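Asker: Input structure: query-v6.txt, which contains compact mmCIF, C-alpha atoms.
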# COMPACT_ATOMS: atom_id res chain seq x y z
CA MET C 1 -247.79 152.76 -159.17
CA SER C 2 -246.80 150.30 -161.84
CA SER C 3 -243.87 148.35 -160.41
CA ASP C 4 -242.59 150.36 -157.46
CA PRO C 5 -241.87 147.78 -154.72
CA THR C 6 -241.99 150.46 -152.04
CA VAL C 7 -245.69 151.14 -152.58
CA GLN C 8 -247.74 149.60 -149.82
CA PRO C 9 -251.40 148.54 -149.96
CA VAL C 10 -253.78 151.30 -148.95
CA HIS C 11 -255.19 149.25 -146.11
CA PRO C 12 -252.50 146.82 -144.91
CA SER C 13 -254.38 146.27 -141.65
CA VAL C 14 -257.23 144.45 -143.40
CA VAL C 15 -257.58 141.17 -141.52
CA ALA C 16 -259.14 138.11 -143.07
CA GLN C 17 -262.58 137.26 -141.76
CA VAL C 18 -262.93 133.68 -142.88
CA ASP C 19 -264.59 130.49 -141.78
CA ALA C 20 -262.41 127.64 -140.58
CA ALA C 21 -260.71 126.56 -143.78
CA ASP C 22 -257.86 124.42 -145.00
CA THR C 23 -255.28 127.17 -145.43
CA THR C 24 -252.65 124.82 -146.83
CA LEU C 25 -254.44 124.86 -150.20
CA HIS C 26 -255.02 121.12 -150.44
CA ASN C 27 -257.64 120.48 -153.12
CA PRO C 28 -258.02 124.16 -154.07
CA GLN C 29 -260.91 125.40 -156.18
CA ARG C 30 -260.60 127.90 -159.02
CA ALA C 31 -262.46 131.20 -158.78
CA VAL C 32 -262.70 134.22 -161.04
CA ILE C 33 -263.01 137.61 -159.33
CA ALA C 34 -263.82 140.89 -161.08
CA LEU C 35 -262.56 144.17 -159.62
CA GLY C 36 -263.69 147.68 -160.45
CA SER C 37 -263.04 151.19 -159.13
CA ASN C 38 -264.07 154.68 -160.25
CA LEU C 39 -263.41 156.77 -157.14
CA GLY C 40 -260.06 157.94 -155.76
CA ASN C 41 -256.80 156.42 -156.95
CA ARG C 42 -258.31 153.62 -159.02
CA LEU C 43 -255.09 151.73 -159.76
CA GLU C 44 -253.86 151.88 -156.17
CA THR C 45 -257.23 150.66 -154.93
CA LEU C 46 -257.29 147.71 -157.33
CA GLN C 47 -253.76 146.75 -156.28
CA GLY C 48 -254.71 147.04 -152.62
CA ALA C 49 -257.67 144.71 -153.15
CA ILE C 50 -255.45 142.18 -154.94
CA ASP C 51 -252.91 142.34 -152.10
CA ALA C 52 -255.71 141.85 -149.57
CA LEU C 53 -256.97 138.79 -151.46
CA GLU C 54 -253.46 137.31 -151.45
CA ASP C 55 -253.19 138.00 -147.70
CA THR C 56 -256.33 135.92 -147.09
CA PRO C 57 -255.69 132.48 -145.59
CA GLY C 58 -256.83 129.87 -148.10
CA VAL C 59 -256.55 132.18 -151.14
CA ARG C 60 -253.73 132.47 -153.66
CA VAL C 61 -253.80 134.94 -156.53
CA LYS C 62 -252.63 133.05 -159.63
CA ALA C 63 -253.12 135.55 -162.48
CA ILE C 64 -254.14 139.18 -163.02
CA SER C 65 -255.55 140.60 -166.23
CA PRO C 66 -254.47 143.82 -167.87
CA VAL C 67 -256.27 146.93 -166.63
CA TYR C 68 -259.20 148.18 -168.68
CA GLU C 69 -260.78 151.62 -168.54
CA THR C 70 -264.51 151.39 -169.03
CA GLU C 71 -267.51 153.61 -169.16
CA PRO C 72 -269.95 153.15 -166.24
CA TRP C 73 -272.55 150.46 -166.86
CA GLY C 74 -276.28 150.96 -166.31
CA VAL C 75 -276.17 154.76 -165.83
CA GLU C 76 -276.46 157.87 -167.97
CA PRO C 77 -273.29 158.58 -170.01
CA GLY C 78 -271.12 161.20 -168.32
CA SER C 79 -272.84 160.88 -164.94
CA GLN C 80 -269.86 159.11 -163.35
CA ALA C 81 -266.11 158.83 -163.82
CA ASN C 82 -264.79 155.92 -165.86
CA TYR C 83 -263.82 152.70 -164.13
CA PHE C 84 -260.59 150.79 -163.96
CA ASN C 85 -261.50 147.10 -164.22
CA ALA C 86 -259.49 143.90 -163.95
CA VAL C 87 -260.10 140.19 -163.48
CA VAL C 88 -258.17 138.04 -161.02
CA LEU C 89 -257.88 134.26 -161.10
CA VAL C 90 -257.45 132.67 -157.68
CA LYS C 91 -257.08 129.22 -156.21
CA THR C 92 -258.88 128.88 -152.91
CA THR C 93 -259.90 126.41 -150.25
CA LEU C 94 -262.57 128.80 -148.98
CA PRO C 95 -266.15 127.89 -149.80
CA PRO C 96 -268.00 130.44 -151.96
CA SER C 97 -269.77 131.97 -148.95
CA SER C 98 -266.47 132.69 -147.17
CA LEU C 99 -264.89 134.07 -150.34
CA LEU C 100 -267.90 136.38 -150.63
CA GLU C 101 -267.46 137.51 -147.01
CA ARG C 102 -263.82 138.26 -147.71
CA GLY C 103 -264.70 140.28 -150.80
CA GLN C 104 -267.23 142.29 -148.80
CA ALA C 105 -264.68 142.88 -146.03
CA ILE C 106 -262.25 144.25 -148.62
CA GLU C 107 -264.96 146.55 -149.97
CA GLU C 108 -265.66 147.81 -146.46
CA ALA C 109 -261.96 148.38 -145.79
CA PHE C 110 -261.83 150.61 -148.86
CA LEU C 111 -264.93 152.48 -147.67
CA ARG C 112 -267.28 151.18 -150.34
CA VAL C 113 -270.65 152.92 -150.03
CA ARG C 114 -273.81 151.21 -151.31
CA SER C 115 -276.19 154.15 -151.59
CA GLU C 116 -277.48 153.51 -155.11
CA ARG C 117 -277.58 150.68 -157.61
CA TRP C 118 -274.68 150.94 -160.06
CA GLY C 119 -273.46 153.98 -158.15
CA PRO C 120 -269.82 155.07 -158.06
CA ARG C 121 -267.57 153.05 -155.80
CA THR C 122 -264.07 152.94 -154.45
CA ILE C 123 -263.95 149.19 -155.10
CA ASP C 124 -266.22 146.45 -156.30
CA VAL C 125 -265.20 142.84 -155.63
CA ASP C 126 -267.44 140.36 -157.48
CA ILE C 127 -267.14 136.59 -157.65
CA VAL C 128 -267.81 135.90 -161.33
CA ALA C 129 -267.40 132.12 -161.25
CA TYR C 130 -266.37 129.44 -158.77
CA GLN C 131 -265.19 126.03 -160.03
CA GLY C 132 -268.05 125.61 -162.51
CA ILE C 133 -270.73 125.86 -159.83
CA VAL C 134 -274.18 126.99 -160.93
CA SER C 135 -276.28 128.20 -157.99
CA GLU C 136 -279.18 130.58 -157.47
CA ASP C 137 -278.48 131.14 -153.79
CA PRO C 138 -279.92 134.62 -153.06
CA ASP C 139 -276.76 135.61 -151.17
CA LEU C 140 -274.41 134.60 -153.99
CA THR C 141 -275.66 133.69 -157.45
CA LEU C 142 -273.08 131.68 -159.42
CA PRO C 143 -271.96 132.46 -161.96
CA HIS C 144 -272.49 136.20 -161.63
CA PRO C 145 -275.92 136.80 -163.20
CA ARG C 146 -274.83 139.62 -165.52
CA ALA C 147 -271.24 138.64 -166.33
CA HIS C 148 -272.20 137.34 -169.77
CA GLN C 149 -273.48 140.82 -170.70
CA ARG C 150 -270.49 142.84 -169.49
CA ALA C 151 -267.53 143.48 -171.73
CA PHE C 152 -265.66 144.97 -168.77
CA VAL C 153 -265.67 141.49 -167.21
CA LEU C 154 -265.37 139.41 -170.38
CA ALA C 155 -262.51 141.33 -172.04
CA PRO C 156 -260.03 141.16 -169.13
CA TRP C 157 -261.09 137.59 -168.33
CA HIS C 158 -260.45 136.56 -171.93
CA ASP C 159 -257.02 138.22 -171.80
CA VAL C 160 -255.96 136.28 -168.74
CA ASP C 161 -257.63 132.97 -169.75
CA PRO C 162 -258.44 132.81 -173.50
CA SER C 163 -260.07 129.37 -173.24
CA ALA C 164 -262.31 130.25 -170.27
CA GLU C 165 -265.96 129.27 -170.13
CA LEU C 166 -268.72 130.94 -168.15
CA PRO C 167 -270.82 128.15 -166.66
CA GLY C 168 -274.24 127.97 -168.26
CA HIS C 169 -273.36 130.55 -170.93
CA GLY C 170 -270.47 129.18 -172.98
CA GLU C 171 -267.04 130.32 -174.02
CA VAL C 172 -265.93 133.75 -172.83
CA ALA C 173 -264.46 134.51 -176.27
CA GLU C 174 -267.85 133.95 -177.94
CA LEU C 175 -269.71 135.94 -175.28
CA LEU C 176 -267.29 138.84 -175.74
CA ALA C 177 -267.71 138.72 -179.52
CA ALA C 178 -271.48 138.87 -179.04
CA VAL C 179 -271.52 141.90 -176.71
CA GLY C 180 -268.66 143.77 -178.39
CA ASP C 181 -266.09 145.94 -176.67
CA ALA C 182 -267.52 149.43 -177.12
CA GLY C 183 -266.68 151.62 -174.12
CA VAL C 184 -263.99 149.19 -172.93
CA GLN C 185 -260.34 150.07 -173.57
CA ALA C 186 -257.16 148.29 -172.48
CA ARG C 187 -254.77 150.58 -170.60
CA GLY C 188 -251.30 149.52 -171.63
CA ASP C 189 -249.75 152.39 -169.68
CA VAL C 190 -250.67 150.99 -166.24
CA GLU C 191 -250.40 147.55 -164.71
CA LEU C 192 -251.20 145.53 -161.64
CA ARG C 193 -248.65 143.20 -160.11
CA LEU C 194 -248.90 139.74 -158.63
CA PRO C 195 -248.26 139.90 -154.88
CA GLU C 196 -244.87 138.51 -153.91
Translate the structure described by the file into structure tokens.
Answerer:
Amino acid sequence: MSSDPTVQPVHPSVVAQVDAADTTLHNPQRAVIALGSNLGNRLETLQGAIDALEDTPGVRVKAISPVYETEPWGVEPGSQANYFNAVVLVKTTLPPSSLLERGQAIEEAFLRVRSERWGPRTIDVDIVAYQGIVSEDPDLTLPHPRAHQRAFVLAPWHDVDPSAELPGHGEVAELLAAVGDAGVQARGDVELRLPE
């Protein structure tokens, strides 16, 4: 599904559930969103999630990282299929809480099941960072509390924004160098496309 314009998102009927927001993108904020999938057609699911983000009033997808294939994190080796991971940079007028609601709605549309911690999933939509905000809100901790430990977030983020910084932790390049990239491999044979 690399560049075939006839391929449609898996769930084109996903409708944005957002708070009242300035959908004209005046004074947009920058957010970093990590995507992951290890069930079903992983590439198609990631593309569908990106398309659904772009279809959200008040959100514009500005850049998409290369796809990485990664070993599952936090579980026994070989107990799950590998993930496809990517990082998406967006500009948005939605507040963090509404962007979170939208991410959860996308997960639900792709039948994400939350039966076990770090369990397999059709799609994971995580807000990694939002305009430099540092917050310990129990509903949405910013930045993502484990992003600095995860090569599958840091490697694609570094690819799409080499000078990025993770608020409270430092430069993404240095964080990636510290954790290493074992178990994380760029997949040059597949790609995600920016929505038109």
Asker: Just the number, please: distance in Å from CA of Ile64 (chain C) to CA of Leu99 (chain C), one decimal.
Answerer: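 Computed distance, CA of Ile64 (chain C) to CA of Leu99 (chain C), equals 17.4 Å.
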Asker: From the list C:Glu136, C:Asp189, C:Glu69, C:Asp124, which residue is nearest Pro156 (chain C) when using only C-alpha atoms?
Answerer: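 So, comparing all the options, the nearest one is C:Glu69.
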Asker: Which residue out of C:Val87, C:Leu111, C:Val67, C:Ile127 has the minimum interatomic distance to Leu39 (chain C) when all atoms listed in the file are used?
Answerer: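 Of C:Val87, C:Leu111, C:Val67, C:Ile127, the one nearest Leu39 (chain C) is C:Leu111, counting all atoms listed in the file.
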Asker: Work out how far apart CA of Tyr68 (chain C) and CA of Val184 (chain C) are and give it in Å to one decimal.
Answerer: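 Separating CA of Tyr68 (chain C) from CA of Val184 (chain C) is a distance of 6.5 Å.
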Asker: Which polymer residues have any atom within 10 Å of an atom of region 173-177 of chain C, counting all atoms listed in the file, with same-chain residues fewer than 5 positions away left out, as a list in words?
Answerer: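 Counting only the stated atoms, we get Ala147, His148, Gln149, Arg150, Ala151, Phe152, Val153, Leu154, Ala155, Trp157, His158, Asp159, Asp161, Pro162, Ser163, Ala164, Glu165 and Leu166 of chain C.
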Asker: Counting only C-alpha atoms, figure out which residue out of C:Gly170, C:Gly183, C:Ile50, C:Thr141 gets nearest to Leu89 (chain C).
Answerer: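 Closest residue, counting only C-alpha atoms: C:Ile50.
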Asker: What's the separation between CA of Thr70 (chain C) and CA of Ala52 (chain C), in Å to one decimal place?
Answerer: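 Atom-to-atom, CA of Thr70 (chain C) and CA of Ala52 (chain C) are spaced 23.4 Å apart.
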Asker: Quick one: of C:Ile33, C:Val128, C:Leu194, C:Leu46, who's nearest to Val88 (chain C), counting all atoms listed in the file?
Answerer: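 Residue with the minimum atom-to-atom distance to Val88 (chain C): C:Ile33.
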Asker: Return the single residue from C:Gln185, C:Gln104, C:Gln131, C:Thr93 that is closest to Pro57 (chain C), with distances computed using all atoms listed in the file.
Answerer: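 Smallest distance to Pro57 (chain C) is found for C:Thr93.
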Asker: Which is closest to Ser98 (chain C) among C:Leu142, C:Val179, C:Val59, C:Ala49, if we use only C-alpha atoms?
Answerer: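 Answer, going by the shortest atom-to-atom distance: C:Val59.
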Asker: Need the shell around Ile123 (chain C): protein/DNA/RNA residues with any atom at most 10 Å away, counting only C-alpha atoms. Skip same-chain ones fewer than 4 positions apart. Format as a PyMOL selection string?
Answerer: chain C and resi 35-40+42+45-46+48-49+83-85+103-104+106-113
Asker: May I ask you to restore all heavy atoms in region 79-90 of chain C and write the result as a JSON list (two decimals), in the coordinates of the input?
Answerer:
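Saved the output as result_36.json:
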[["chain", "number", "residue", "atom", "x", "y", "z"],
["C", 79, "SER", "N", -272.38, 160.62, -166.31],
["C", 79, "SER", "CA", -272.84, 160.88, -164.94],
["C", 79, "SER", "C", -271.85, 160.41, -163.88],
["C", 79, "SER", "O", -271.98, 160.78, -162.71],
["C", 79, "SER", "CB", -274.20, 160.20, -164.71],
["C", 79, "SER", "OG", -274.09, 158.78, -164.81],
["C", 80, "GLN", "N", -270.89, 159.59, -164.27],
["C", 80, "GLN", "CA", -269.86, 159.11, -163.35],
["C", 80, "GLN", "C", -268.51, 159.09, -164.07],
["C", 80, "GLN", "O", -268.45, 159.09, -165.29],
["C", 80, "GLN", "CB", -270.17, 157.67, -162.88],
["C", 80, "GLN", "CG", -271.39, 157.49, -162.05],
["C", 80, "GLN", "CD", -271.55, 156.03, -161.64],
["C", 80, "GLN", "OE1", -270.57, 155.27, -161.60],
["C", 80, "GLN", "NE2", -272.78, 155.63, -161.36],
["C", 81, "ALA", "N", -267.45, 159.02, -163.26],
["C", 81, "ALA", "CA", -266.11, 158.83, -163.82],
["C", 81, "ALA", "C", -265.98, 157.42, -164.37],
["C", 81, "ALA", "O", -266.70, 156.50, -163.96],
["C", 81, "ALA", "CB", -265.06, 159.07, -162.74],
["C", 82, "ASN", "N", -265.06, 157.25, -165.32],
["C", 82, "ASN", "CA", -264.79, 155.92, -165.86],
["C", 82, "ASN", "C", -264.19, 155.01, -164.80],
["C", 82, "ASN", "O", -263.55, 155.45, -163.84],
["C", 82, "ASN", "CB", -263.84, 156.01, -167.05],
["C", 82, "ASN", "CG", -264.52, 156.52, -168.30],
["C", 82, "ASN", "OD1", -265.74, 156.66, -168.36],
["C", 82, "ASN", "ND2", -263.72, 156.81, -169.31],
["C", 83, "TYR", "N", -264.35, 153.72, -165.02],
["C", 83, "TYR", "CA", -263.82, 152.70, -164.13],
["C", 83, "TYR", "C", -262.47, 152.19, -164.62],
["C", 83, "TYR", "O", -262.20, 152.18, -165.82],
["C", 83, "TYR", "CB", -264.77, 151.50, -164.07],
["C", 83, "TYR", "CG", -265.93, 151.68, -163.13],
["C", 83, "TYR", "CD1", -267.06, 152.38, -163.55],
["C", 83, "TYR", "CD2", -265.91, 151.17, -161.85],
["C", 83, "TYR", "CE1", -268.14, 152.55, -162.70],
["C", 83, "TYR", "CE2", -266.98, 151.34, -161.00],
["C", 83, "TYR", "CZ", -268.09, 152.03, -161.43],
["C", 83, "TYR", "OH", -269.16, 152.20, -160.58],
["C", 84, "PHE", "N", -261.66, 151.73, -163.67],
["C", 84, "PHE", "CA", -260.59, 150.79, -163.96],
["C", 84, "PHE", "C", -261.15, 149.42, -163.58],
["C", 84, "PHE", "O", -261.70, 149.25, -162.48],
["C", 84, "PHE", "CB", -259.34, 151.08, -163.14],
["C", 84, "PHE", "CG", -258.40, 152.07, -163.77],
["C", 84, "PHE", "CD1", -258.71, 152.74, -164.94],
["C", 84, "PHE", "CD2", -257.18, 152.34, -163.17],
["C", 84, "PHE", "CE1", -257.84, 153.66, -165.51],
["C", 84, "PHE", "CE2", -256.29, 153.25, -163.73],
["C", 84, "PHE", "CZ", -256.63, 153.91, -164.90],
["C", 85, "ASN", "N", -261.01, 148.45, -164.48],
["C", 85, "ASN", "CA", -261.50, 147.10, -164.22],
["C", 85, "ASN", "C", -260.37, 146.10, -164.47],
["C", 85, "ASN", "O", -259.50, 146.32, -165.32],
["C", 85, "ASN", "CB", -262.67, 146.74, -165.13],
["C", 85, "ASN", "CG", -263.93, 147.50, -164.78],
["C", 85, "ASN", "OD1", -264.26, 148.50, -165.40],
["C", 85, "ASN", "ND2", -264.63, 147.04, -163.78],
["C", 86, "ALA", "N", -260.43, 145.00, -163.75],
["C", 86, "ALA", "CA", -259.49, 143.90, -163.95],
["C", 86, "ALA", "C", -260.16, 142.62, -163.47],
["C", 86, "ALA", "O", -261.14, 142.65, -162.71],
["C", 86, "ALA", "CB", -258.20, 144.14, -163.18],
["C", 87, "VAL", "N", -259.64, 141.50, -163.92],
["C", 87, "VAL", "CA", -260.10, 140.19, -163.48],
["C", 87, "VAL", "C", -258.92, 139.45, -162.87],
["C", 87, "VAL", "O", -257.81, 139.49, -163.40],
["C", 87, "VAL", "CB", -260.72, 139.39, -164.64],
["C", 87, "VAL", "CG1", -260.84, 137.91, -164.31],
["C", 87, "VAL", "CG2", -262.09, 139.97, -165.00],
["C", 88, "VAL", "N", -259.19, 138.78, -161.76],
["C", 88, "VAL", "CA", -258.17, 138.04, -161.02],
["C", 88, "VAL", "C", -258.59, 136.58, -160.95],
["C", 88, "VAL", "O", -259.74, 136.27, -160.64],
["C", 88, "VAL", "CB", -258.02, 138.61, -159.59],
["C", 88, "VAL", "CG1", -256.99, 137.83, -158.80],
["C", 88, "VAL", "CG2", -257.68, 140.09, -159.63],
["C", 89, "LEU", "N", -257.65, 135.69, -161.27],
["C", 89, "LEU", "CA", -257.88, 134.26, -161.10],
["C", 89, "LEU", "C", -257.23, 133.82, -159.79],
["C", 89, "LEU", "O", -256.06, 134.14, -159.55],
["C", 89, "LEU", "CB", -257.28, 133.47, -162.26],
["C", 89, "LEU", "CG", -257.70, 133.88, -163.67],
["C", 89, "LEU", "CD1", -257.05, 132.95, -164.70],
["C", 89, "LEU", "CD2", -259.20, 133.88, -163.81],
["C", 90, "VAL", "N", -257.98, 133.13, -158.96],
["C", 90, "VAL", "CA", -257.45, 132.67, -157.68],
["C", 90, "VAL", "C", -257.67, 131.18, -157.54],
["C", 90, "VAL", "O", -258.56, 130.60, -158.15],
["C", 90, "VAL", "CB", -258.08, 133.41, -156.48],
["C", 90, "VAL", "CG1", -257.92, 134.92, -156.61],
["C", 90, "VAL", "CG2", -259.54, 133.05, -156.29]]
